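**Student:** If it helps, the file is called start.cif and holds mmCIF, C-alpha atoms and all ligand atoms:
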```cif
data_final
#
loop_
_atom_site.group_PDB
_atom_site.id
_atom_site.type_symbol
_atom_site.label_atom_id
_atom_site.label_comp_id
_atom_site.auth_asym_id
_atom_site.auth_seq_id
_atom_site.Cartn_x
_atom_site.Cartn_y
_atom_site.Cartn_z
ATOM 1 C CA MET A 163 96.929 -4.978 -13.583
ATOM 2 C CA ASP A 164 93.352 -5.914 -12.935
ATOM 3 C CA LEU A 165 90.152 -4.251 -11.889
ATOM 4 C CA GLN A 166 88.689 -7.399 -10.346
ATOM 5 C CA GLY A 167 85.271 -6.746 -8.876
ATOM 6 C CA LYS A 168 85.355 -3.007 -9.509
ATOM 7 C CA VAL A 169 82.510 -0.898 -10.867
ATOM 8 C CA CYS A 170 84.022 1.601 -13.312
ATOM 9 C CA MET A 171 82.237 4.636 -14.753
ATOM 10 C CA VAL A 172 83.806 6.299 -17.816
ATOM 11 C CA THR A 173 82.381 9.606 -19.072
ATOM 12 C CA GLY A 174 82.948 10.332 -22.743
ATOM 13 C CA GLY A 175 83.203 6.554 -23.134
ATOM 14 C CA THR A 176 81.746 6.361 -26.636
ATOM 15 C CA HIS A 177 84.535 7.849 -28.754
ATOM 16 C CA GLY A 178 88.269 8.421 -28.829
ATOM 17 C CA ILE A 179 90.215 8.143 -25.586
ATOM 18 C CA GLY A 180 87.165 7.272 -23.447
ATOM 19 C CA ARG A 181 86.273 4.452 -25.810
ATOM 20 C CA ALA A 182 89.870 3.139 -25.641
ATOM 21 C CA VAL A 183 89.609 3.214 -21.835
ATOM 22 C CA VAL A 184 86.393 1.168 -21.991
ATOM 23 C CA GLU A 185 88.043 -1.365 -24.328
ATOM 24 C CA ARG A 186 91.185 -1.604 -22.160
ATOM 25 C CA PHE A 187 89.169 -1.987 -18.945
ATOM 26 C CA ALA A 188 87.180 -4.759 -20.650
ATOM 27 C CA GLN A 189 90.440 -6.621 -21.416
ATOM 28 C CA ALA A 190 91.562 -6.261 -17.795
ATOM 29 C CA LYS A 191 88.595 -8.482 -16.888
ATOM 30 C CA GLY A 192 86.605 -8.719 -13.711
ATOM 31 C CA ALA A 193 85.148 -5.217 -13.806
ATOM 32 C CA ALA A 194 81.707 -3.853 -14.562
ATOM 33 C CA ILE A 195 82.257 -1.009 -17.026
ATOM 34 C CA ILE A 196 79.758 1.792 -17.427
ATOM 35 C CA PRO A 197 80.482 4.097 -20.362
ATOM 36 C CA CYS A 198 78.465 7.305 -20.005
ATOM 37 C CA ASP A 199 78.143 9.625 -22.969
ATOM 38 C CA ILE A 200 75.869 12.213 -24.526
ATOM 39 C CA ASP A 201 76.110 10.268 -27.806
ATOM 40 C CA ASP A 202 74.243 6.984 -27.372
ATOM 41 C CA GLU A 203 74.391 5.957 -31.021
ATOM 42 C CA PRO A 204 77.375 3.587 -30.623
ATOM 43 C CA PHE A 205 75.977 1.953 -27.440
ATOM 44 C CA ASP A 206 75.095 -1.342 -29.192
ATOM 45 C CA GLU A 207 78.628 -1.561 -30.556
ATOM 46 C CA LEU A 208 79.964 -0.994 -27.032
ATOM 47 C CA ARG A 209 77.699 -3.704 -25.602
ATOM 48 C CA ARG A 210 79.124 -6.148 -28.147
ATOM 49 C CA ILE A 211 82.641 -5.681 -26.659
ATOM 50 C CA GLY A 212 81.567 -7.832 -23.720
ATOM 51 C CA LYS A 213 78.988 -8.606 -21.106
ATOM 52 C CA PRO A 214 80.112 -6.332 -18.275
ATOM 53 C CA ILE A 215 79.682 -3.207 -20.458
ATOM 54 C CA ASP A 216 76.540 -1.308 -19.567
ATOM 55 C CA PRO A 217 76.341 2.088 -21.324
ATOM 56 C CA HIS A 218 74.246 4.955 -19.977
ATOM 57 C CA GLN A 219 73.335 8.208 -21.668
ATOM 58 C CA LEU A 220 74.744 11.178 -19.781
ATOM 59 C CA ASP A 221 75.198 14.865 -20.485
ATOM 60 C CA VAL A 222 77.825 16.086 -18.035
ATOM 61 C CA THR A 223 76.524 19.654 -18.314
ATOM 62 C CA ASP A 224 73.041 18.697 -17.083
ATOM 63 C CA VAL A 225 73.073 18.474 -13.280
ATOM 64 C CA ASP A 226 69.726 16.629 -13.014
ATOM 65 C CA ASN A 227 70.781 14.105 -15.640
ATOM 66 C CA VAL A 228 74.115 13.554 -13.844
ATOM 67 C CA THR A 229 72.420 13.084 -10.444
ATOM 68 C CA ARG A 230 69.772 10.695 -11.800
ATOM 69 C CA THR A 231 72.227 8.620 -13.841
ATOM 70 C CA ILE A 232 74.652 8.212 -10.956
ATOM 71 C CA GLN A 233 71.835 7.245 -8.592
ATOM 72 C CA LYS A 234 70.672 4.684 -11.144
ATOM 73 C CA ILE A 235 74.168 3.192 -11.424
ATOM 74 C CA ARG A 236 74.427 3.106 -7.662
ATOM 75 C CA SER A 237 71.120 1.317 -7.235
ATOM 76 C CA SER A 238 72.045 -1.254 -9.916
ATOM 77 C CA TYR A 239 75.623 -1.895 -8.744
ATOM 78 C CA GLY A 240 75.688 -0.701 -5.121
ATOM 79 C CA ARG A 241 78.843 1.351 -5.630
ATOM 80 C CA ILE A 242 81.228 3.106 -8.016
ATOM 81 C CA ASP A 243 84.897 2.211 -7.445
ATOM 82 C CA VAL A 244 86.526 3.935 -10.397
ATOM 83 C CA LEU A 245 85.504 7.161 -12.105
ATOM 84 C CA VAL A 246 87.239 8.240 -15.316
ATOM 85 C CA ASN A 247 86.283 11.717 -16.518
ATOM 86 C CA CYS A 248 86.947 11.800 -20.235
ATOM 87 C CA ALA A 249 84.050 13.800 -21.708
ATOM 88 C CA GLY A 250 85.464 16.815 -23.490
ATOM 89 C CA THR A 251 85.414 19.069 -26.493
ATOM 90 C CA THR A 252 87.238 21.951 -28.199
ATOM 91 C CA ARG A 253 86.133 25.191 -29.830
ATOM 92 C CA ASP A 254 89.279 26.979 -30.910
ATOM 93 C CA ALA A 255 89.860 30.636 -31.729
ATOM 94 C CA PHE A 256 92.456 33.298 -31.043
ATOM 95 C CA VAL A 257 91.611 34.996 -27.764
ATOM 96 C CA HIS A 258 90.582 38.306 -29.368
ATOM 97 C CA LYS A 259 88.173 36.430 -31.637
ATOM 98 C CA MET A 260 86.809 33.954 -29.095
ATOM 99 C CA SER A 261 83.063 34.258 -28.566
ATOM 100 C CA ASP A 262 81.443 34.008 -25.142
ATOM 101 C CA ASP A 263 79.675 30.935 -26.462
ATOM 102 C CA ALA A 264 82.949 29.191 -27.409
ATOM 103 C CA TRP A 265 84.434 30.036 -24.003
ATOM 104 C CA HIS A 266 81.422 28.828 -21.987
ATOM 105 C CA HIS A 267 80.813 25.730 -24.116
ATOM 106 C CA VAL A 268 84.307 24.347 -23.482
ATOM 107 C CA MET A 269 84.359 25.377 -19.808
ATOM 108 C CA GLN A 270 80.907 23.878 -19.292
ATOM 109 C CA ILE A 271 81.804 20.430 -20.676
ATOM 110 C CA ASN A 272 85.484 20.029 -19.806
ATOM 111 C CA LEU A 273 85.614 21.723 -16.395
ATOM 112 C CA THR A 274 82.114 22.192 -14.949
ATOM 113 C CA GLY A 275 80.987 18.818 -16.344
ATOM 114 C CA THR A 276 83.878 17.096 -14.561
ATOM 115 C CA PHE A 277 82.890 18.904 -11.351
ATOM 116 C CA HIS A 278 79.241 17.815 -11.685
ATOM 117 C CA VAL A 279 80.193 14.158 -12.015
ATOM 118 C CA VAL A 280 82.820 14.205 -9.257
ATOM 119 C CA ARG A 281 80.419 15.961 -6.874
ATOM 120 C CA SER A 282 77.843 13.209 -7.370
ATOM 121 C CA VAL A 283 80.202 10.224 -7.223
ATOM 122 C CA ALA A 284 82.593 11.314 -4.443
ATOM 123 C CA PRO A 285 80.109 10.835 -1.550
ATOM 124 C CA PHE A 286 79.658 7.157 -2.517
ATOM 125 C CA MET A 287 83.415 6.641 -2.594
ATOM 126 C CA ILE A 288 83.862 8.400 0.752
ATOM 127 C CA GLU A 289 81.084 6.277 2.262
ATOM 128 C CA ARG A 290 82.855 3.078 1.112
ATOM 129 C CA GLY A 291 86.239 4.435 2.208
ATOM 130 C CA SER A 292 87.875 3.790 -1.168
ATOM 131 C CA GLY A 293 87.807 4.752 -4.805
ATOM 132 C CA SER A 294 89.927 6.063 -7.631
ATOM 133 C CA ILE A 295 89.188 9.101 -9.791
ATOM 134 C CA VAL A 296 91.168 9.629 -12.992
ATOM 135 C CA ASN A 297 90.586 12.912 -14.791
ATOM 136 C CA VAL A 298 91.663 13.194 -18.397
ATOM 137 C CA ALA A 299 93.192 16.669 -18.637
ATOM 138 C CA ALA A 300 95.667 17.781 -21.354
ATOM 139 C CA THR A 301 99.266 18.964 -21.637
ATOM 140 C CA ILE A 302 97.733 22.134 -23.080
ATOM 141 C CA GLY A 303 96.335 22.793 -19.587
ATOM 142 C CA LEU A 304 99.930 22.713 -18.284
ATOM 143 C CA ASP A 305 101.772 24.421 -21.140
ATOM 144 C CA GLY A 306 99.141 26.489 -23.034
ATOM 145 C CA ASN A 307 98.559 26.463 -26.791
ATOM 146 C CA ILE A 308 97.841 29.093 -29.413
ATOM 147 C CA GLY A 309 94.114 29.366 -30.193
ATOM 148 C CA GLN A 310 92.996 27.355 -27.171
ATOM 149 C CA THR A 311 92.554 29.816 -24.277
ATOM 150 C CA ASN A 312 89.262 28.186 -23.304
ATOM 151 C CA TYR A 313 90.561 24.618 -23.556
ATOM 152 C CA ALA A 314 93.846 25.406 -21.757
ATOM 153 C CA ALA A 315 91.998 27.186 -18.935
ATOM 154 C CA ALA A 316 89.478 24.348 -18.561
ATOM 155 C CA ASN A 317 92.223 21.727 -18.405
ATOM 156 C CA ALA A 318 94.324 23.777 -15.979
ATOM 157 C CA GLY A 319 91.151 23.866 -13.867
ATOM 158 C CA VAL A 320 90.849 20.084 -14.057
ATOM 159 C CA VAL A 321 94.450 19.773 -12.818
ATOM 160 C CA GLY A 322 93.736 22.085 -9.863
ATOM 161 C CA MET A 323 90.537 20.196 -9.132
ATOM 162 C CA THR A 324 92.402 16.869 -9.174
ATOM 163 C CA LYS A 325 95.055 18.055 -6.727
ATOM 164 C CA THR A 326 92.375 19.414 -4.400
ATOM 165 C CA LEU A 327 90.358 16.189 -4.571
ATOM 166 C CA ALA A 328 93.479 14.217 -3.665
ATOM 167 C CA LYS A 329 93.755 16.216 -0.438
ATOM 168 C CA GLU A 330 90.060 16.443 0.348
ATOM 169 C CA LEU A 331 88.996 12.847 -0.361
ATOM 170 C CA ALA A 332 91.815 11.117 1.495
ATOM 171 C CA ARG A 333 90.964 12.544 4.873
ATOM 172 C CA GLY A 334 89.954 10.485 7.900
ATOM 173 C CA THR A 335 89.393 6.837 7.120
ATOM 174 C CA ALA A 336 88.670 7.378 3.436
ATOM 175 C CA SER A 337 91.477 6.598 1.000
ATOM 176 C CA VAL A 338 89.895 7.870 -2.165
ATOM 177 C CA ARG A 339 92.588 8.731 -4.726
ATOM 178 C CA ALA A 340 92.459 11.333 -7.493
ATOM 179 C CA ASN A 341 94.951 11.646 -10.329
ATOM 180 C CA ALA A 342 95.010 13.071 -13.830
ATOM 181 C CA VAL A 343 96.521 12.055 -17.123
ATOM 182 C CA ALA A 344 97.644 14.826 -19.446
ATOM 183 C CA PRO A 345 97.706 13.561 -23.013
ATOM 184 C CA GLY A 346 99.617 15.409 -25.709
ATOM 185 C CA PHE A 347 98.326 15.065 -29.264
ATOM 186 C CA ILE A 348 96.354 11.848 -29.606
ATOM 187 C CA LYS A 349 94.799 10.540 -32.834
ATOM 188 C CA THR A 350 91.084 11.024 -32.246
ATOM 189 C CA ARG A 351 88.484 13.077 -34.090
ATOM 190 C CA MET A 352 89.470 15.958 -31.761
ATOM 191 C CA VAL A 353 92.735 16.421 -33.659
ATOM 192 C CA ASP A 354 91.285 15.634 -37.110
ATOM 193 C CA SER A 355 90.906 19.315 -37.904
ATOM 194 C CA ILE A 356 94.598 20.125 -37.328
ATOM 195 C CA PRO A 357 96.018 21.178 -40.715
ATOM 196 C CA PRO A 358 98.650 18.678 -42.035
ATOM 197 C CA LYS A 359 101.432 21.302 -41.843
ATOM 198 C CA VAL A 360 100.698 21.964 -38.151
ATOM 199 C CA ALA A 361 100.451 18.218 -37.464
ATOM 200 C CA ASP A 362 103.884 17.718 -39.065
ATOM 201 C CA GLY A 363 105.277 20.447 -36.786
ATOM 202 C CA ILE A 364 103.818 18.728 -33.723
ATOM 203 C CA ILE A 365 105.359 15.404 -34.740
ATOM 204 C CA ALA A 366 108.713 17.096 -35.382
ATOM 205 C CA ARG A 367 108.652 18.499 -31.813
ATOM 206 C CA THR A 368 107.768 15.115 -30.303
ATOM 207 C CA PRO A 369 110.867 13.128 -29.291
ATOM 208 C CA LEU A 370 109.039 9.838 -29.911
ATOM 209 C CA GLY A 371 108.268 11.092 -33.441
ATOM 210 C CA LYS A 372 104.518 10.515 -33.718
ATOM 211 C CA MET A 373 101.122 11.389 -32.314
ATOM 212 C CA GLY A 374 99.788 9.073 -29.617
ATOM 213 C CA GLU A 375 97.055 6.487 -29.963
ATOM 214 C CA PRO A 376 93.996 6.492 -27.670
ATOM 215 C CA ALA A 377 95.252 3.125 -26.373
ATOM 216 C CA ASP A 378 98.451 4.800 -25.103
ATOM 217 C CA VAL A 379 96.353 6.999 -22.837
ATOM 218 C CA ALA A 380 94.132 4.093 -21.806
ATOM 219 C CA GLU A 381 97.165 2.198 -20.421
ATOM 220 C CA ALA A 382 98.034 5.147 -18.166
ATOM 221 C CA VAL A 383 94.414 5.498 -17.049
ATOM 222 C CA LEU A 384 94.239 1.783 -16.216
ATOM 223 C CA PHE A 385 97.380 2.036 -14.091
ATOM 224 C CA LEU A 386 96.131 5.046 -12.116
ATOM 225 C CA ALA A 387 92.658 3.528 -11.715
ATOM 226 C CA SER A 388 93.967 0.190 -10.455
ATOM 227 C CA ASP A 389 95.260 -0.835 -7.042
ATOM 228 C CA ALA A 390 98.757 -0.944 -8.591
ATOM 229 C CA ALA A 391 98.718 2.859 -8.074
ATOM 230 C CA GLY A 392 97.430 2.495 -4.501
ATOM 231 C CA PHE A 393 99.940 4.975 -3.012
ATOM 232 C CA ILE A 394 99.698 7.522 -5.827
ATOM 233 C CA THR A 395 97.356 10.473 -5.539
ATOM 234 C CA GLY A 396 97.311 14.115 -6.654
ATOM 235 C CA GLN A 397 99.584 13.421 -9.628
ATOM 236 C CA VAL A 398 99.436 14.441 -13.274
ATOM 237 C CA LEU A 399 100.912 11.889 -15.660
ATOM 238 C CA ARG A 400 101.875 13.236 -19.081
ATOM 239 C CA VAL A 401 101.224 10.854 -21.963
ATOM 240 C CA ASP A 402 102.723 12.903 -24.778
ATOM 241 C CA GLY A 403 105.729 11.163 -26.318
ATOM 242 C CA GLY A 404 107.947 13.810 -24.686
ATOM 243 C CA PHE A 405 106.278 16.725 -26.559
ATOM 244 C CA THR A 406 107.107 20.107 -25.126
ATOM 245 C CA GLY A 407 104.736 22.940 -25.889
HETATM 246 N N1 LIG A 501 92.768 13.900 -28.644
HETATM 247 C C1 LIG A 501 93.721 14.606 -28.039
HETATM 248 O O1 LIG A 501 94.743 14.951 -28.637
HETATM 249 C C2 LIG A 501 93.571 14.987 -26.588
HETATM 250 C C3 LIG A 501 94.702 15.529 -25.957
HETATM 251 C C4 LIG A 501 94.614 15.883 -24.621
HETATM 252 C C5 LIG A 501 93.443 15.698 -23.927
HETATM 253 N N2 LIG A 501 92.357 15.192 -24.547
HETATM 254 C C6 LIG A 501 91.152 15.052 -23.738
HETATM 255 O O2 LIG A 501 90.684 13.735 -23.797
HETATM 256 C C7 LIG A 501 89.263 13.729 -23.618
HETATM 257 C C8 LIG A 501 88.652 12.906 -24.737
HETATM 258 O O3 LIG A 501 88.929 13.531 -25.980
HETATM 259 P P1 LIG A 501 89.001 12.723 -27.348
HETATM 260 O O4 LIG A 501 90.196 13.187 -28.073
HETATM 261 O O5 LIG A 501 88.817 11.282 -27.101
HETATM 262 O O6 LIG A 501 87.750 13.367 -28.096
HETATM 263 P P2 LIG A 501 86.443 12.689 -28.712
HETATM 264 O O7 LIG A 501 85.694 13.805 -29.330
HETATM 265 O O8 LIG A 501 86.824 11.535 -29.571
HETATM 266 O O9 LIG A 501 85.666 12.140 -27.442
HETATM 267 C C9 LIG A 501 85.018 12.993 -26.543
HETATM 268 C C10 LIG A 501 83.844 12.249 -25.951
HETATM 269 O O10 LIG A 501 83.157 13.109 -25.043
HETATM 270 C C11 LIG A 501 81.731 12.997 -25.295
HETATM 271 N N3 LIG A 501 81.056 14.212 -24.855
HETATM 272 C C12 LIG A 501 81.114 15.450 -25.395
HETATM 273 N N4 LIG A 501 80.293 16.280 -24.738
HETATM 274 C C13 LIG A 501 79.706 15.555 -23.747
HETATM 275 C C14 LIG A 501 78.761 15.859 -22.733
HETATM 276 N N5 LIG A 501 78.227 17.080 -22.604
HETATM 277 N N6 LIG A 501 78.405 14.878 -21.880
HETATM 278 C C15 LIG A 501 78.916 13.619 -22.006
HETATM 279 N N7 LIG A 501 79.787 13.276 -22.965
HETATM 280 C C16 LIG A 501 80.196 14.229 -23.828
HETATM 281 C C17 LIG A 501 81.660 12.795 -26.810
HETATM 282 O O11 LIG A 501 80.402 12.295 -27.224
HETATM 283 C C18 LIG A 501 82.814 11.832 -27.018
HETATM 284 O O12 LIG A 501 82.425 10.497 -26.820
HETATM 285 C C19 LIG A 501 88.819 15.187 -23.635
HETATM 286 O O13 LIG A 501 88.606 15.617 -22.326
HETATM 287 C C20 LIG A 501 90.003 15.904 -24.234
HETATM 288 O O14 LIG A 501 90.103 17.214 -23.754
HETATM 289 C C21 LIG A 501 92.387 14.828 -25.866
#
```
Could you render the structure as structure tokens?
**Tutor:**
Amino acid sequence: MDLQGKVCMVTGGTHGIGRAVVERFAQAKGAAIIPCDIDDEPFDELRRIGKPIDPHQLDVTDVDNVTRTIQKIRSSYGRIDVLVNCAGTTRDAFVHKMSDDAWHHVMQINLTGTFHVVRSVAPFMIERGSGSIVNVAATIGLDGNIGQTNYAAANAGVVGMTKTLAKELARGTASVRANAVAPGFIKTRMVDSIPPKVADGIIARTPLGKMGEPADVAEAVLFLASDAAGFITGQVLRVDGGFTG
């Protein structure tokens, strides 16, 4: 699978799954990779992965910042062929204890942030008549999870958004695709706070007997982003070792 000649933007590209996507895209060769993240501290490290990596600071919740950054990328590269939406966060609590702030914070980054970026990038893809959007959702958005009403709702929203984009962006002469991956439990800092007893329970309920690595998700993202998935759109691919919620 290659991304020859493609310009690939990856939000949340500094840490965890987004970072693994950037590293995997860099191995695929031939692509310009643009990690975009609110945290610019690791940008030098990212640049050292290879020449075609050009990080940009981006806060997906800030509409002006999103618009300006995407215009800047467009004027430097002329187009965006692949968009991976990976920026995300959690703020867990039981529903009766969840603050408005915790609800809005997660919705704002995981769902509204994805919308902001898609809204800005989609017109360029439509204009070129091609493109591939891969949204990183979560199995929790499909199955639910105790203590994560906000996160489950945001990710269910991302799934609905993806299916709508698949219909809306493939009309007329445009063949812009939109798919989602739904990771289960993946070893990033996002799951660091899971108590060991709960983590053991998750592993016990996972047929493949372990948590996933960020690289496992990156492989699925690469497939959906690439032309190898050229007739696949509107799909949600679970990357969860068979875990059932
Ligand atoms: N780790 C898991 O088990 C898991 C499972 C399912 C889905 N996911 C999803 O995968 C995505 C990545 O999660 P992760 O586990 O790699 O977590 P992570 O915390 O390691 O990475 C999240 C990235 O998003 C960036 N980010 C946060 N707020 C941002 C903002 N406002 N604007 C731009 N960037 C921002 C962070 O700086 C970070 O680089 C998230 O959408 C998450 O919901 C993770």
**Student:** Please, which residues have at least one atom within 9 Å of an atom of ligand LIG 501 (chain A), using all atoms listed in the file, listed as a ChimeraX atom specification?
**Tutor:** /A:173-182,198-202,219-224,247-252,270-272,275,297-303,313,316-317,343-354,373-376,379,401-402
**Student:** Please enumerate the residues selected by the PyMOL selection byres (((chain A and resi 245) around 7) and not hetatm) when evaluated against the supplied file, formatted as a PyMOL selection string.
**Tutor:** chain A and resi 170-172+243-244+246-247+294-296
**Student:** Convert the current residue selection to file output with C-alpha atoms, as a PDB file, in the coordinates of the input.
**Tutor:**
```pdb
ATOM      1  CA  CYS A 170      84.022   1.601 -13.312  1.00  0.00           C
ATOM      2  CA  MET A 171      82.237   4.636 -14.753  1.00  0.00           C
ATOM      3  CA  VAL A 172      83.806   6.299 -17.816  1.00  0.00           C
ATOM      4  CA  ASP A 243      84.897   2.211  -7.445  1.00  0.00           C
ATOM      5  CA  VAL A 244      86.526   3.935 -10.397  1.00  0.00           C
ATOM      6  CA  VAL A 246      87.239   8.240 -15.316  1.00  0.00           C
ATOM      7  CA  ASN A 247      86.283  11.717 -16.518  1.00  0.00           C
ATOM      8  CA  SER A 294      89.927   6.063  -7.631  1.00  0.00           C
ATOM      9  CA  ILE A 295      89.188   9.101  -9.791  1.00  0.00           C
ATOM     10  CA  VAL A 296      91.168   9.629 -12.992  1.00  0.00           C
TER      11      VAL A 296
END
```
**Student:** Hey, can you check how far atom CA of A:Ala188 sits from atom CA of A:Asp206?
**Tutor:**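 Between atom CA of A:Ala188 and atom CA of A:Asp206 the gap works out to 15.2 Å.
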**Student:** Using only C-alpha atoms, find the one residue out of A:Val225, A:Ile394, A:Ala284, A:Ile215 that sits nearest to A:Glu330.
**Tutor:**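 The shortest atom-to-atom distance to A:Glu330 comes from A:Ala284.
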**Student:** Please provide the set of residues having any atom within 10 Å of A:Ala391, restricted to all atoms listed in the file, with same-chain residues fewer than 5 positions apart removed, written as a list in words.
**Tutor:** Met163, Ser294, Arg339, Asn341, Leu384, Phe385 and Leu386 of chain A
**Student:** What residues have an atom no more than 7 Å from (92.6, 18.3, -12.8) in the file's own frame, counting all atoms listed in the file, and can you write them as a PyMOL selection string?
**Tutor:** chain A and resi 297+299+317-325+342
**Student:** Mind dumping the selected residues with C-alpha atoms as an mmCIF file, in the frame of the given file?
**Tutor:**
```cif
data_model
loop_
_atom_site.group_PDB
_atom_site.id
_atom_site.type_symbol
_atom_site.label_atom_id
_atom_site.label_comp_id
_atom_site.auth_asym_id
_atom_site.auth_seq_id
_atom_site.Cartn_x
_atom_site.Cartn_y
_atom_site.Cartn_z
ATOM 1 C CA ASN A 297 90.586 12.912 -14.791
ATOM 2 C CA ALA A 299 93.192 16.669 -18.637
ATOM 3 C CA ASN A 317 92.223 21.727 -18.405
ATOM 4 C CA ALA A 318 94.324 23.777 -15.979
ATOM 5 C CA GLY A 319 91.151 23.866 -13.867
ATOM 6 C CA VAL A 320 90.849 20.084 -14.057
ATOM 7 C CA VAL A 321 94.450 19.773 -12.818
ATOM 8 C CA GLY A 322 93.736 22.085 -9.863
ATOM 9 C CA MET A 323 90.537 20.196 -9.132
ATOM 10 C CA THR A 324 92.402 16.869 -9.174
ATOM 11 C CA LYS A 325 95.055 18.055 -6.727
ATOM 12 C CA ALA A 342 95.010 13.071 -13.830
#
```
**Student:** For the file shown, what are the residues hit by the PyMOL selection byres (((chain A and resi 285) around 12) and not hetatm), laid out as a list in words?
**Tutor:** Thr229, Ile232, Gln233, Arg236, Arg241, Ile242, Asp243, Val279, Val280, Arg281, Ser282, Val283, Ala284, Phe286, Met287, Ile288, Glu289, Arg290, Gly291, Ser292, Gly293, Leu327, Glu330, Leu331, Ala336 and Val338 of chain A
**Student:** Work out how far apart atom CA of A:Ala193 and atom CA of A:Tyr239 are and give it in Å to one decimal.
**Tutor:**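 Interatomic distance, atom CA of A:Ala193 to atom CA of A:Tyr239: 11.3 Å.
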**Student:** For A:Ala190, which of A:Gln166, A:Ser238, A:Thr335, A:Thr276 is the closest residue, counting all atoms listed in the file?
**Tutor:**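 Closest to A:Ala190, using all atoms listed in the file: A:Gln166.
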**Student:** Have a look at atom CA of A:Leu370 and atom CA of A:Gly404 and let me know their distance in Å, one decimal.
**Tutor:**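 The value is 6.7 Å.
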**Student:** Where does the PyMOL selection byres (((chain A and resi 369) around 7) and not hetatm) land in this file, that is, which residues does it pick, as a list of chain:residue names?
**Tutor:**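 Those residues are A:Arg367, A:Thr368, A:Leu370, A:Gly371, A:Gly403, A:Gly404, A:Phe405.
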**Student:** Quick one: axis-aligned box around all listed atoms of stretch 219-223 of chain A, 3 Å on every side, centre and edge lengths in Å to one decimal, written as JSON.
**Tutor:**
```
{"center_x": 75.6, "center_y": 13.9, "center_z": -19.9, "size_x": 10.5, "size_y": 17.4, "size_z": 9.6}
```
**Student:** Around the point (82.9, -1.9, -14.7) in the file's coordinates, collect all residues with an atom within 6 Å, using all atoms listed in the file, and return them as number ranges by chain.
**Tutor:** A: 168-170, 193-196
**Student:** Which residue is closest to A:Asp378? Choose from A:Arg400, A:Lys329, A:Lys191, A:Lys359 and count only C-alpha atoms.
**Tutor:**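 Answer, going by the shortest atom-to-atom distance: A:Arg400.
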**Student:** Measuring between all atoms listed in the file, which one of A:Gln397, A:Thr311, A:Ser337, A:Thr406 shows the shortest distance to A:Asp262?
**Tutor:**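 Closest to A:Asp262 of all the choices is A:Thr311.
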**Student:** So that I can look at just that part, could you write stretch 176-189 of chain A with N, CA and C atoms, as a PDB file, in the first residue's frame?
**Tutor:**
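Output (decode_27.pdb):
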```
ATOM      1  N   THR A 176       0.554  14.189  17.116  1.00  0.00           N
ATOM      2  CA  THR A 176       1.745  14.288  17.953  1.00  0.00           C
ATOM      3  C   THR A 176       1.921  13.104  18.906  1.00  0.00           C
ATOM      4  N   HIS A 177       0.792  12.559  19.372  1.00  0.00           N
ATOM      5  CA  HIS A 177       0.864  11.495  20.381  1.00  0.00           C
ATOM      6  C   HIS A 177       0.024  10.292  19.948  1.00  0.00           C
ATOM      7  N   GLY A 178       0.281   9.174  20.623  1.00  0.00           N
ATOM      8  CA  GLY A 178      -0.592   8.012  20.553  1.00  0.00           C
ATOM      9  C   GLY A 178      -0.893   7.514  19.150  1.00  0.00           C
ATOM     10  N   ILE A 179      -2.171   7.326  18.864  1.00  0.00           N
ATOM     11  CA  ILE A 179      -2.579   6.726  17.590  1.00  0.00           C
ATOM     12  C   ILE A 179      -2.221   7.647  16.422  1.00  0.00           C
ATOM     13  N   GLY A 180      -2.455   8.956  16.582  1.00  0.00           N
ATOM     14  CA  GLY A 180      -2.137   9.898  15.497  1.00  0.00           C
ATOM     15  C   GLY A 180      -0.652   9.871  15.156  1.00  0.00           C
ATOM     16  N   ARG A 181       0.170   9.789  16.174  1.00  0.00           N
ATOM     17  CA  ARG A 181       1.616   9.721  15.964  1.00  0.00           C
ATOM     18  C   ARG A 181       2.001   8.432  15.209  1.00  0.00           C
ATOM     19  N   ALA A 182       1.340   7.311  15.593  1.00  0.00           N
ATOM     20  CA  ALA A 182       1.600   6.038  14.903  1.00  0.00           C
ATOM     21  C   ALA A 182       1.173   6.131  13.434  1.00  0.00           C
ATOM     22  N   VAL A 183       0.095   6.863  13.176  1.00  0.00           N
ATOM     23  CA  VAL A 183      -0.355   7.053  11.786  1.00  0.00           C
ATOM     24  C   VAL A 183       0.709   7.833  11.007  1.00  0.00           C
ATOM     25  N   VAL A 184       1.229   8.889  11.626  1.00  0.00           N
ATOM     26  CA  VAL A 184       2.271   9.695  10.969  1.00  0.00           C
ATOM     27  C   VAL A 184       3.487   8.813  10.657  1.00  0.00           C
ATOM     28  N   GLU A 185       3.896   8.005  11.629  1.00  0.00           N
ATOM     29  CA  GLU A 185       5.076   7.142  11.431  1.00  0.00           C
ATOM     30  C   GLU A 185       4.815   6.100  10.337  1.00  0.00           C
ATOM     31  N   ARG A 186       3.606   5.541  10.324  1.00  0.00           N
ATOM     32  CA  ARG A 186       3.283   4.506   9.320  1.00  0.00           C
ATOM     33  C   ARG A 186       3.185   5.130   7.930  1.00  0.00           C
ATOM     34  N   PHE A 187       2.581   6.311   7.834  1.00  0.00           N
ATOM     35  CA  PHE A 187       2.488   6.995   6.542  1.00  0.00           C
ATOM     36  C   PHE A 187       3.899   7.318   6.038  1.00  0.00           C
ATOM     37  N   ALA A 188       4.788   7.674   6.948  1.00  0.00           N
ATOM     38  CA  ALA A 188       6.165   8.009   6.548  1.00  0.00           C
ATOM     39  C   ALA A 188       6.857   6.781   5.957  1.00  0.00           C
ATOM     40  N   GLN A 189       6.568   5.586   6.524  1.00  0.00           N
ATOM     41  CA  GLN A 189       7.170   4.356   5.981  1.00  0.00           C
ATOM     42  C   GLN A 189       6.609   4.027   4.600  1.00  0.00           C
TER      43      GLN A 189
END
```
